[in-house]
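Participant: Coordinates in work30.cif, mmCIF, C-alpha atoms, are listed below.
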```cif
data_data
loop_
_atom_site.label_atom_id
_atom_site.label_comp_id
_atom_site.auth_asym_id
_atom_site.auth_seq_id
_atom_site.Cartn_x
_atom_site.Cartn_y
_atom_site.Cartn_z
CA MET M 151 8.96 -10.36 23.27
CA PRO M 152 9.82 -10.80 19.60
CA ASP M 153 13.03 -12.57 18.66
CA GLY M 154 15.63 -11.34 16.16
CA SER M 155 14.07 -13.10 13.17
CA THR M 156 10.70 -11.53 13.96
CA ASP M 157 12.28 -8.08 14.21
CA ALA M 158 13.96 -8.59 10.84
CA ALA M 159 10.72 -9.82 9.26
CA CYS M 160 8.76 -6.88 10.70
CA LEU M 161 11.34 -4.43 9.38
CA ALA M 162 11.29 -6.10 5.94
CA LEU M 163 7.49 -5.84 5.85
CA ARG M 164 7.63 -2.16 6.86
CA ILE M 165 10.09 -1.55 4.01
CA ALA M 166 7.77 -3.45 1.65
CA THR M 167 4.90 -1.24 2.84
CA VAL M 168 6.95 1.84 1.93
CA ALA M 169 7.91 0.43 -1.48
CA LEU M 170 4.34 -0.58 -2.34
CA SER M 171 2.98 2.79 -1.17
CA VAL M 172 5.49 4.60 -3.37
CA ALA M 173 4.63 2.34 -6.32
CA SER M 174 0.92 3.03 -5.75
CA ALA M 175 1.56 6.79 -5.66
CA ALA M 176 3.64 6.59 -8.85
CA MET M 177 0.95 4.58 -10.60
CA MET M 178 -1.71 7.10 -9.58
CA ALA M 179 0.43 10.08 -10.58
CA SER M 180 0.93 8.56 -14.03
CA ALA M 181 -2.79 7.87 -14.53
CA SER M 182 -3.76 10.09 -17.42
CA GLN M 183 -4.96 9.48 -20.95
CA ARG M 184 -6.67 11.14 -23.85
CA SER M 185 -10.27 9.93 -24.00
CA CYS M 186 -13.17 10.24 -26.38
CA THR M 187 -15.65 13.08 -26.05
CA ALA M 188 -19.42 12.81 -26.34
CA ALA M 189 -19.02 13.62 -30.06
CA GLY M 190 -17.17 10.34 -30.58
CA CYS M 191 -13.60 9.25 -31.21
CA SER M 192 -11.43 10.25 -34.09
CA PRO M 193 -7.68 10.58 -34.50
CA SER M 194 -8.02 14.36 -34.27
CA PRO M 195 -6.98 15.80 -30.89
CA ALA M 196 -10.04 18.07 -31.02
CA SER M 197 -12.35 15.09 -30.49
CA GLN M 198 -10.34 13.90 -27.50
CA GLN M 199 -9.93 15.30 -24.03
CA GLN M 200 -7.29 14.58 -21.40
CA VAL M 201 -8.46 12.65 -18.34
CA SER M 202 -6.18 12.53 -15.31
CA TYR M 203 -6.24 11.61 -11.63
CA SER M 204 -6.08 15.36 -10.94
CA ASP M 205 -9.56 15.77 -12.43
CA TYR M 206 -11.03 13.92 -9.43
CA SER M 207 -10.72 15.04 -5.81
CA SER M 208 -10.97 11.48 -4.54
CA LEU M 209 -8.03 10.38 -6.68
CA LYS M 210 -5.98 13.39 -5.54
CA TYR M 211 -6.72 12.26 -1.97
CA SER M 212 -5.69 8.72 -2.90
CA LEU M 213 -2.34 9.97 -4.20
CA ALA M 214 -1.75 12.12 -1.10
CA ALA M 215 -2.78 9.27 1.22
CA THR M 216 -0.27 6.83 -0.29
CA ILE M 217 2.49 9.45 -0.10
CA VAL M 218 1.72 10.18 3.56
CA SER M 219 1.60 6.45 4.32
CA ALA M 220 4.97 5.91 2.65
CA ALA M 221 6.53 8.80 4.59
CA VAL M 222 5.12 7.66 7.94
CA GLN M 223 6.20 4.06 7.42
CA ALA M 224 9.65 5.13 6.18
CA ALA M 225 10.13 7.15 9.36
CA ALA M 226 8.96 4.20 11.49
CA ALA M 227 11.31 1.83 9.61
CA CYS M 228 14.26 4.21 10.17
CA VAL M 229 13.56 4.43 13.89
CA LYS M 230 13.15 0.64 14.07
CA ALA M 231 16.37 0.01 12.10
CA ARG M 232 18.30 2.28 14.47
CA GLY M 233 17.03 0.31 17.44
CA GLY M 234 14.40 2.78 18.61
CA GLY M 235 12.30 1.60 21.49
CA LYS M 236 14.74 -1.09 22.67
CA GLU M 237 17.14 0.73 24.96
CA GLY M 238 16.91 3.66 27.31
CA ASP M 239 14.42 4.53 29.95
CA GLU M 240 11.03 2.85 30.05
CA SER M 241 9.01 6.04 29.41
CA LYS M 242 10.95 6.72 26.18
CA SER M 243 10.40 3.13 25.06
CA LYS M 244 6.66 3.41 25.77
CA ALA M 245 6.47 6.70 23.87
CA ILE M 246 8.18 5.17 20.82
CA LYS M 247 5.88 2.13 20.93
CA SER M 248 2.87 4.46 21.10
CA LEU M 249 4.18 6.38 18.09
CA TYR M 250 4.56 3.09 16.18
CA GLU M 251 0.95 2.22 16.97
CA LEU M 252 -0.22 5.66 15.84
CA ALA M 253 1.86 5.48 12.65
CA ASP M 254 0.55 2.01 11.86
CA ALA M 255 -3.08 2.94 12.48
CA ALA M 256 -2.81 6.12 10.39
CA SER M 257 -1.08 4.26 7.56
CA GLN M 258 -3.73 1.55 7.52
CA VAL M 259 -6.50 4.15 7.33
CA PHE M 260 -4.75 5.95 4.47
CA LEU M 261 -4.00 2.75 2.54
CA TYR M 262 -7.44 1.20 2.91
CA SER M 263 -9.27 4.40 2.00
CA SER M 264 -6.92 4.99 -0.94
CA SER M 265 -7.51 1.54 -2.34
CA ALA M 266 -11.29 1.82 -1.89
CA LEU M 267 -11.37 5.11 -3.80
CA SER M 268 -9.17 3.67 -6.55
CA PHE M 269 -11.43 0.66 -6.98
CA SER M 270 -14.48 2.91 -7.35
CA VAL M 271 -13.13 4.53 -10.53
CA ASP M 272 -15.60 2.54 -12.64
CA ASP M 273 -18.41 4.60 -11.12
CA PHE M 274 -16.83 8.01 -11.80
CA GLY M 275 -19.06 10.06 -14.05
CA THR M 276 -21.84 7.50 -14.34
CA CYS M 277 -24.57 9.45 -12.52
CA GLY M 278 -25.90 6.30 -10.92
CA HIS M 279 -25.09 4.25 -14.04
CA ARG M 280 -27.44 6.34 -16.19
CA VAL M 281 -24.59 7.51 -18.41
CA ALA M 282 -21.29 5.97 -19.46
CA GLY M 283 -18.56 6.62 -16.91
CA VAL M 284 -15.00 7.75 -17.37
CA CYS M 285 -13.77 4.19 -18.01
CA LYS M 286 -15.88 3.87 -21.16
CA GLY M 287 -13.42 5.95 -23.19
CA SER M 288 -10.36 5.82 -20.94
CA GLY M 289 -9.46 2.21 -20.34
CA GLU M 290 -5.74 2.73 -19.75
CA PHE M 291 -6.42 5.50 -17.24
CA CYS M 292 -8.77 3.25 -15.29
CA GLN M 293 -6.33 0.34 -15.39
CA ARG M 294 -3.64 2.52 -13.82
CA VAL M 295 -6.02 3.75 -11.13
CA ARG M 296 -7.09 0.17 -10.34
CA ALA M 297 -3.43 -0.95 -10.26
CA SER M 298 -2.74 1.85 -7.79
CA GLY M 299 -5.57 0.51 -5.63
CA ILE M 300 -4.16 -3.01 -5.78
CA LEU M 301 -0.72 -1.74 -4.72
CA SER M 302 -2.29 0.22 -1.84
CA MET M 303 -4.11 -2.89 -0.69
CA ALA M 304 -0.89 -4.94 -0.93
CA ALA M 305 0.90 -2.31 1.18
CA ALA M 306 -1.89 -2.49 3.77
CA VAL M 307 -1.58 -6.29 3.88
CA CYS M 308 2.20 -6.03 4.41
CA LEU M 309 1.62 -3.60 7.24
CA ALA M 310 -1.00 -5.88 8.81
CA ALA M 311 1.40 -8.84 8.54
CA SER M 312 4.12 -6.76 10.20
CA LYS M 313 1.80 -5.95 13.09
CA TYR M 314 0.81 -9.63 13.38
CA LEU M 315 4.44 -10.78 13.49
CA LYS M 316 5.20 -8.21 16.16
CA ASP M 317 2.51 -9.76 18.37
CA VAL M 318 2.92 -13.43 17.39
CA PRO M 319 6.59 -14.39 16.91
CA VAL M 320 7.50 -16.80 14.11
CA SER M 321 9.03 -19.17 16.65
CA THR M 322 5.56 -19.99 18.01
CA TRP M 323 4.03 -20.91 14.65
CA PHE M 324 5.17 -24.50 14.58
CA LYS M 325 5.05 -25.38 18.26
CA SER M 326 2.40 -27.77 19.39
CA GLY M 327 -0.13 -26.40 21.85
CA GLU M 328 0.09 -29.52 23.96
CA LYS M 329 2.61 -29.94 26.76
CA LYS M 330 4.23 -33.29 27.27
CA ALA M 331 2.20 -35.43 29.62
CA LYS M 332 3.81 -36.40 32.91
CA LYS M 333 4.42 -40.05 33.57
CA GLY M 334 1.20 -41.65 34.76
CA CYS M 335 -0.98 -38.88 33.35
CA GLY M 336 -3.28 -38.92 30.38
CA PRO M 337 -3.17 -36.76 27.28
CA ARG M 338 -2.73 -33.00 27.79
CA GLY M 339 -1.27 -33.60 31.24
CA HIS M 340 -4.53 -34.63 32.94
CA CYS M 341 -3.77 -36.92 35.81
CA HIS M 342 -6.19 -39.50 37.07
CA HIS M 343 -5.99 -39.71 40.84
#
```
Once you've parsed the file, please lay out its structure as structure tokens.
Facilitator:
Amino acid sequence: MPDGSTDAACLALRIATVALSVASAAMMASASQRSCTAAGCSPSPASQQQVSYSDYSSLKYSLAATIVSAAVQAAAACVKARGGGKEGDESKSKAIKSLYELADAASQVFLYSSSALSFSVDDFGTCGHRVAGVCKGSGEFCQRVRASGILSMAAAVCLAASKYLKDVPVSTWFKSGEKKAKKGCGPRGHCHH
């Protein structure tokens, strides 16, 4: 059973997951830029076209996935902060723990898939690298999309750390695995009779 410091650390990591998911969504939503057309680049707006996350279904999914992850983790953090799953009958506690597991699994799927799609932006529009992709003329756009992917991955790592702490309390990190040997016994408590 986790101790109080583990509960606090898990809650802090859940809140960090929410914050990083929101930051990732904001970064993706702001990913747009005027880019050069096939005719070339000139200061005239006619030779430039707007490129945005909304031009790509996979980036729209990435934005939606980070928003859903943030909402699910925010709900889980609220329930946890209010003491959900600690008191009451055992069946209610088991149901809340099951919901935590479901929320965590869904969030991890959303965050990992979102980051993978964000990191693949370099390949958008390349037709198997036969033509220049979207990043050729839209560097700032691609940087924002990649940053969104990095934030999604950071959120996923925070969530994974939270799950780890829940299962392996901090208090066990620095304890030696060896028990003290009894008098007359060898190392690790092995007695010679």
Participant: Starting from the PyMOL selection byres ((chain M and resi 176) around 12), expand the selection into actual residues of this file and give them as a list in words.
Facilitator: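 Given this file, the PyMOL selection byres ((chain M and resi 176) around 12) evaluates to Ala169, Leu170, Ser171, Val172, Ala173, Ser174, Ala175, Met177, Met178, Ala179, Ser180, Ala181, Ser182, Tyr203, Ser212, Leu213, Ala214, Thr216, Ile217, Ala220, Arg294, Val295, Ala297, Ser298, Gly299, Leu301 and Ser302 of chain M.
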Participant: For atom CA of Asp317 of chain M and atom CA of Ala266 of chain M, quote the distance in Å rounded to one decimal.
Facilitator: 27.1 Å
Participant: Please measure the separation of atom CA of Val259 of chain M and atom CA of Asp272 of chain M, giving the value in Å to one decimal.
Facilitator: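 Computing it gives 22.0 Å between the two atoms.
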Participant: Do you know which residues are at most 8 Å from Ile165 of chain M counting only C-alpha atoms, after dropping those on the same chain fewer than 6 positions away, and could you put them as a PyMOL selection string?
Facilitator: chain M and resi 223-224+227
Participant: What separation in Å, quoted to one decimal, exists between atom CA of Leu261 of chain M and atom CA of Leu315 of chain M?
Facilitator: 19.3 Å
Participant: Pull the neighbourhood of (-14.1, 2.4, -9.0) for me: all residues within 12 Å in file coordinates, counting all atoms listed in the file, as a PDB file with C-alpha atoms, in the coordinates of the input.
Facilitator:
```pdb
ATOM      1  CA  TYR M 206     -11.030  13.920  -9.430  1.00  0.00           C
ATOM      2  CA  SER M 208     -10.970  11.480  -4.540  1.00  0.00           C
ATOM      3  CA  LEU M 209      -8.030  10.380  -6.680  1.00  0.00           C
ATOM      4  CA  SER M 264      -6.920   4.990  -0.940  1.00  0.00           C
ATOM      5  CA  SER M 265      -7.510   1.540  -2.340  1.00  0.00           C
ATOM      6  CA  ALA M 266     -11.290   1.820  -1.890  1.00  0.00           C
ATOM      7  CA  LEU M 267     -11.370   5.110  -3.800  1.00  0.00           C
ATOM      8  CA  SER M 268      -9.170   3.670  -6.550  1.00  0.00           C
ATOM      9  CA  PHE M 269     -11.430   0.660  -6.980  1.00  0.00           C
ATOM     10  CA  SER M 270     -14.480   2.910  -7.350  1.00  0.00           C
ATOM     11  CA  VAL M 271     -13.130   4.530 -10.530  1.00  0.00           C
ATOM     12  CA  ASP M 272     -15.600   2.540 -12.640  1.00  0.00           C
ATOM     13  CA  ASP M 273     -18.410   4.600 -11.120  1.00  0.00           C
ATOM     14  CA  PHE M 274     -16.830   8.010 -11.800  1.00  0.00           C
ATOM     15  CA  GLY M 275     -19.060  10.060 -14.050  1.00  0.00           C
ATOM     16  CA  THR M 276     -21.840   7.500 -14.340  1.00  0.00           C
ATOM     17  CA  GLY M 283     -18.560   6.620 -16.910  1.00  0.00           C
ATOM     18  CA  VAL M 284     -15.000   7.750 -17.370  1.00  0.00           C
ATOM     19  CA  CYS M 285     -13.770   4.190 -18.010  1.00  0.00           C
ATOM     20  CA  PHE M 291      -6.420   5.500 -17.240  1.00  0.00           C
ATOM     21  CA  CYS M 292      -8.770   3.250 -15.290  1.00  0.00           C
ATOM     22  CA  GLN M 293      -6.330   0.340 -15.390  1.00  0.00           C
ATOM     23  CA  ARG M 294      -3.640   2.520 -13.820  1.00  0.00           C
ATOM     24  CA  VAL M 295      -6.020   3.750 -11.130  1.00  0.00           C
ATOM     25  CA  ARG M 296      -7.090   0.170 -10.340  1.00  0.00           C
ATOM     26  CA  ALA M 297      -3.430  -0.950 -10.260  1.00  0.00           C
ATOM     27  CA  SER M 298      -2.740   1.850  -7.790  1.00  0.00           C
ATOM     28  CA  GLY M 299      -5.570   0.510  -5.630  1.00  0.00           C
ATOM     29  CA  ILE M 300      -4.160  -3.010  -5.780  1.00  0.00           C
TER      30      ILE M 300
END
```
Participant: Taking only C-alpha atoms into account, name the residue in M:Val318, M:Ala226, M:Leu161, M:Val201 that is nearest to Ser248 of chain M.
Facilitator: M:Ala226
Participant: Which residue gives the smallest distance to Ala221 of chain M among M:Val168, M:Glu251, M:Ser241, M:Ala256, with all atoms listed in the file counted?
Facilitator: M:Val168
